[in-house]
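**Student:** Input: one structure, supplied below.
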Amino acid sequence: MPYWADATYLIGLMDGKDQWHAQARELHERVGRRNTLRIHALAVAEVVTRLAATVGYEKAQDAYFVIRDSMDLRFPGEQDLDDAMDLVVRFEGELSLSDSLFVHWMAPRDIVLSFDAGFDGKVKRLPARE
């Protein structure tokens with residue numbers, strides 16, 4: 001079963017002061033450590049930008065290399081971005097362009113690791129809504 005790594009999950013995992021840190025570590029132990037995670041370039045940009053602001057540029061760079069070297073990194077083409085933008089409009093802004101790209105690429109059996117409830121009702125998400 002393919003798992004996708006959303007920015008909220010990775011930021012929570014890599015920033016010890018993030019509100020989702022403890023939950024991200026638990027989720028990583030349960031799922032992330034045993035699976036090759038998929039991610040796309042827009043989500044990588046989100047992670048790096050946020051980490052640079054919260055933990056510094058060097059740690060953001062370290063995170064970038066960990067993501068690049070250990071995850072299945074996907075790059076959207078123009079049509080992928082057009083399709084994702086259609087989802088932004090369809091969901092009336094509930095999802096960012098980056099999150100909409102996850103929805104566009106995910107198959108019905110895929111799961112996104114995320115703390116963003118905007119995914120609920122659109123794709124399978126861990127941790128699931130409680």
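We label chains A, B, ... in the order they appear in the structure tokens, count residues from 1 in each chain, and number ligands from 1 in the order shown.
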Could you name the residues that touch Phe91 (chain A) at 12 Å or less, counting only C-alpha atoms, but leaving out those on the same chain fewer than 3 positions away, as a short mmCIF file (atom, residue, chain, number, x, y, z; two decimals) with N, CA and C atoms, in the first residue's frame?
**Tutor:**
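Below is the file result_33.cif, written as the result:
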data_model
loop_
_atom_site.label_atom_id
_atom_site.label_comp_id
_atom_site.auth_asym_id
_atom_site.auth_seq_id
_atom_site.Cartn_x
_atom_site.Cartn_y
_atom_site.Cartn_z
N ALA A 84 -4.48 19.56 -10.65
CA ALA A 84 -4.50 19.88 -9.23
C ALA A 84 -5.20 21.22 -8.99
N MET A 85 -4.96 22.18 -9.87
CA MET A 85 -5.62 23.49 -9.74
C MET A 85 -7.12 23.34 -9.87
N ASP A 86 -7.57 22.46 -10.76
CA ASP A 86 -9.01 22.19 -10.88
C ASP A 86 -9.57 21.68 -9.55
N LEU A 87 -8.77 20.89 -8.82
CA LEU A 87 -9.22 20.40 -7.51
C LEU A 87 -9.27 21.52 -6.47
N VAL A 88 -8.33 22.45 -6.54
CA VAL A 88 -8.37 23.61 -5.64
C VAL A 88 -9.72 24.31 -5.80
N GLU A 94 -10.32 24.39 0.10
CA GLU A 94 -10.07 23.58 1.29
C GLU A 94 -8.67 22.97 1.27
N LEU A 95 -8.14 22.78 0.06
CA LEU A 95 -6.80 22.22 -0.11
C LEU A 95 -5.94 23.20 -0.89
N SER A 96 -4.67 23.27 -0.52
CA SER A 96 -3.71 24.07 -1.27
C SER A 96 -3.41 23.37 -2.60
N LEU A 97 -2.68 24.05 -3.46
CA LEU A 97 -2.28 23.42 -4.71
C LEU A 97 -1.42 22.19 -4.42
N ASP A 99 -1.49 20.22 -1.70
CA ASP A 99 -2.35 19.16 -1.19
C ASP A 99 -3.24 18.59 -2.30
N SER A 100 -3.68 19.45 -3.19
CA SER A 100 -4.51 18.98 -4.31
C SER A 100 -3.72 18.08 -5.24
N VAL A 103 -3.98 14.63 -3.86
CA VAL A 103 -5.29 14.06 -4.19
C VAL A 103 -5.32 13.62 -5.65
N GLY A 118 -8.07 18.83 6.00
CA GLY A 118 -8.60 19.16 4.69
C GLY A 118 -8.64 17.96 3.76
N PHE A 119 -7.82 16.94 4.04
CA PHE A 119 -7.83 15.72 3.22
C PHE A 119 -9.05 14.83 3.49
N ASP A 120 -9.65 15.00 4.66
CA ASP A 120 -10.76 14.13 5.06
C ASP A 120 -11.90 14.19 4.05
N GLY A 121 -12.40 13.02 3.70
CA GLY A 121 -13.50 12.92 2.74
C GLY A 121 -13.03 12.97 1.30
N LYS A 122 -11.72 13.15 1.10
CA LYS A 122 -11.17 13.21 -0.26
C LYS A 122 -10.24 12.04 -0.55
#
**Student:** Do you know which residues are at most 10 Å from region 54-61 of chain A counting only C-alpha atoms, after dropping those on the same chain fewer than 3 positions away, and could you put them as a PyMOL selection string?
**Tutor:** chain A and resi 11+14-18+47-51+64-67
**Student:** Using N, CA and C atoms, can you write the selected residues to a file as an mmCIF file, in the first residue's frame?
**Tutor:**
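In the end it all went to out.cif:
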data_model
loop_
_atom_site.group_PDB
_atom_site.id
_atom_site.type_symbol
_atom_site.label_atom_id
_atom_site.label_comp_id
_atom_site.auth_asym_id
_atom_site.auth_seq_id
_atom_site.Cartn_x
_atom_site.Cartn_y
_atom_site.Cartn_z
ATOM 1 N N ILE A 11 7.170 18.076 8.714
ATOM 2 C CA ILE A 11 7.541 19.193 9.587
ATOM 3 C C ILE A 11 7.408 18.766 11.045
ATOM 4 N N MET A 14 10.326 16.538 11.964
ATOM 5 C CA MET A 14 11.665 17.133 11.946
ATOM 6 C C MET A 14 11.844 18.353 12.850
ATOM 7 N N ASP A 15 10.747 18.906 13.353
ATOM 8 C CA ASP A 15 10.815 20.080 14.232
ATOM 9 C C ASP A 15 10.291 19.690 15.608
ATOM 10 N N GLY A 16 11.211 19.558 16.547
ATOM 11 C CA GLY A 16 10.850 19.129 17.892
ATOM 12 C C GLY A 16 9.890 20.055 18.619
ATOM 13 N N LYS A 17 9.733 21.287 18.147
ATOM 14 C CA LYS A 17 8.816 22.228 18.778
ATOM 15 C C LYS A 17 7.478 22.331 18.061
ATOM 16 N N ASP A 18 7.326 21.591 16.964
ATOM 17 C CA ASP A 18 6.077 21.636 16.209
ATOM 18 C C ASP A 18 4.944 21.004 17.014
ATOM 19 N N VAL A 47 8.008 21.975 3.059
ATOM 20 C CA VAL A 47 8.773 21.510 4.216
ATOM 21 C C VAL A 47 10.019 22.362 4.415
ATOM 22 N N VAL A 48 10.789 22.559 3.360
ATOM 23 C CA VAL A 48 12.036 23.305 3.456
ATOM 24 C C VAL A 48 11.774 24.752 3.876
ATOM 25 N N THR A 49 10.779 25.386 3.289
ATOM 26 C CA THR A 49 10.468 26.777 3.618
ATOM 27 C C THR A 49 10.070 26.921 5.086
ATOM 28 N N ARG A 50 9.211 26.037 5.542
ATOM 29 C CA ARG A 50 8.743 26.102 6.929
ATOM 30 C C ARG A 50 9.860 25.804 7.918
ATOM 31 N N LEU A 51 10.665 24.768 7.625
ATOM 32 C CA LEU A 51 11.759 24.419 8.532
ATOM 33 C C LEU A 51 12.819 25.514 8.570
ATOM 34 N N TYR A 64 16.047 18.492 3.571
ATOM 35 C CA TYR A 64 15.916 18.346 2.122
ATOM 36 C C TYR A 64 16.670 17.113 1.625
ATOM 37 N N PHE A 65 17.917 16.953 2.073
ATOM 38 C CA PHE A 65 18.710 15.822 1.606
ATOM 39 C C PHE A 65 18.161 14.491 2.117
ATOM 40 N N VAL A 66 17.641 14.465 3.331
ATOM 41 C CA VAL A 66 17.012 13.242 3.841
ATOM 42 C C VAL A 66 15.807 12.880 2.970
ATOM 43 N N ILE A 67 14.977 13.864 2.678
ATOM 44 C CA ILE A 67 13.801 13.620 1.829
ATOM 45 C C ILE A 67 14.246 13.150 0.443
#
**Student:** Using only C-alpha atoms, can you tell me which of A:Leu13, A:Leu42, A:Tyr3, A:Arg68 comes closest to Glu29 (chain A)?
**Tutor:**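 Ranking A:Leu13, A:Leu42, A:Tyr3, A:Arg68 by distance to Glu29 (chain A), first place goes to A:Leu13.
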**Student:** Would you return as a compact mmCIF listing (two decimals) with C-alpha atoms, in the first residue's frame the members of chain A that DSSP assigns to helix (DSSP H, G or I) on this structure's backbone?
**Tutor:**
# COMPACT_ATOMS: atom_id res chain seq x y z
CA ALA A 7 4.35 18.57 4.72
CA THR A 8 2.52 18.61 8.08
CA TYR A 9 3.78 15.10 8.85
CA LEU A 10 7.39 15.82 7.85
CA ILE A 11 7.54 19.19 9.59
CA GLY A 12 6.12 17.61 12.73
CA LEU A 13 8.68 14.84 12.51
CA MET A 14 11.66 17.13 11.95
CA HIS A 21 5.94 16.42 16.83
CA ALA A 22 4.93 13.65 19.25
CA GLN A 23 2.16 12.38 16.98
CA ALA A 24 4.45 12.51 13.92
CA ARG A 25 7.11 10.46 15.71
CA GLU A 26 4.52 7.86 16.71
CA LEU A 27 3.15 7.73 13.16
CA HIS A 28 6.68 7.40 11.78
CA GLU A 29 7.40 4.46 14.07
CA ARG A 30 4.12 2.80 13.13
CA GLY A 32 6.83 5.71 7.99
CA ARG A 33 9.91 3.82 9.06
CA ARG A 34 8.83 0.57 7.35
CA ALA A 41 8.32 18.59 -5.24
CA LEU A 42 5.72 21.13 -4.08
CA ALA A 43 5.48 19.43 -0.68
CA VAL A 44 9.28 19.38 -0.41
CA ALA A 45 9.26 23.14 -1.00
CA GLU A 46 6.69 23.54 1.78
CA VAL A 47 8.77 21.51 4.22
CA VAL A 48 12.04 23.30 3.46
CA THR A 49 10.47 26.78 3.62
CA ARG A 50 8.74 26.10 6.93
CA LEU A 51 11.76 24.42 8.53
CA ALA A 52 14.07 27.24 7.42
CA ALA A 53 11.80 29.67 9.28
CA THR A 54 11.48 27.55 12.44
CA TYR A 57 18.48 27.03 7.04
CA GLU A 58 21.08 24.37 7.76
CA LYS A 59 18.56 22.00 9.35
CA ALA A 60 16.18 22.71 6.48
CA GLN A 61 18.93 21.75 4.06
CA ASP A 62 19.61 18.56 6.05
CA ALA A 63 15.89 17.74 5.86
CA TYR A 64 15.92 18.35 2.12
CA PHE A 65 18.71 15.82 1.61
CA VAL A 66 17.01 13.24 3.84
CA ILE A 67 13.80 13.62 1.83
CA ARG A 68 15.62 13.55 -1.51
CA ASP A 69 17.69 10.50 -0.63
CA SER A 70 15.11 8.38 1.19
CA GLU A 78 2.07 21.12 -16.47
CA GLN A 79 -1.00 18.88 -16.88
CA ASP A 80 -0.62 17.57 -13.31
CA LEU A 81 -0.59 21.14 -12.01
CA ASP A 82 -3.60 22.05 -14.17
CA ASP A 83 -5.51 19.04 -12.79
CA ALA A 84 -4.50 19.88 -9.23
CA MET A 85 -5.62 23.49 -9.74
CA ASP A 86 -9.01 22.19 -10.88
CA LEU A 87 -9.22 20.40 -7.51
CA VAL A 88 -8.37 23.61 -5.64
CA VAL A 89 -11.39 25.20 -7.32
CA ARG A 90 -13.61 22.12 -6.93
CA LEU A 97 -2.28 23.42 -4.71
CA SER A 98 0.30 21.14 -3.07
CA ASP A 99 -2.35 19.16 -1.19
CA SER A 100 -4.51 18.98 -4.31
CA LEU A 101 -1.58 17.43 -6.16
CA PHE A 102 -1.58 14.61 -3.58
CA VAL A 103 -5.29 14.06 -4.19
CA HIS A 104 -4.73 14.12 -7.95
CA TRP A 105 -1.96 11.49 -7.84
CA ALA A 117 -8.02 17.58 8.10
CA GLY A 118 -8.60 19.16 4.69
CA PHE A 119 -7.83 15.72 3.22
**Student:** Expressed in Å to a single decimal, how great is the separation between CA of Val31 (chain A) and CA of Phe75 (chain A)?
**Tutor:** 23.5 Å
**Student:** When DSSP works through the backbone of this structure, what residues of chain A end up as strand (DSSP E or B), shown as JSON, numbers by chain?
**Tutor:** {"A": [3, 4, 5, 37, 38, 39, 40, 72, 73, 74, 111, 112, 113, 124, 125, 126]}
**Student:** I'd like the contact shell of Arg38 (chain A) - 10 Å cut-off, only C-alpha atoms, skipping same-chain residues fewer than 6 positions apart - returned as a list in words.
**Tutor:**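 Here the answer would be Pro2, Tyr3, Trp4, Ala5, Asp6, Ile67, Ser70, Met71, Asp72, Leu73, Arg74, Phe102, Met106 and Val112 of chain A.
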**Student:** Quick check, in Å to one decimal: how far apart do CA of Leu37 (chain A) and CA of Glu92 (chain A) lie?
**Tutor:** 27.9 Å
**Student:** Separation of CA of Trp20 (chain A) and CA of Arg125 (chain A), in Å?
**Tutor:**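 We find that CA of Trp20 (chain A) and CA of Arg125 (chain A) lie 14.9 Å from each other.
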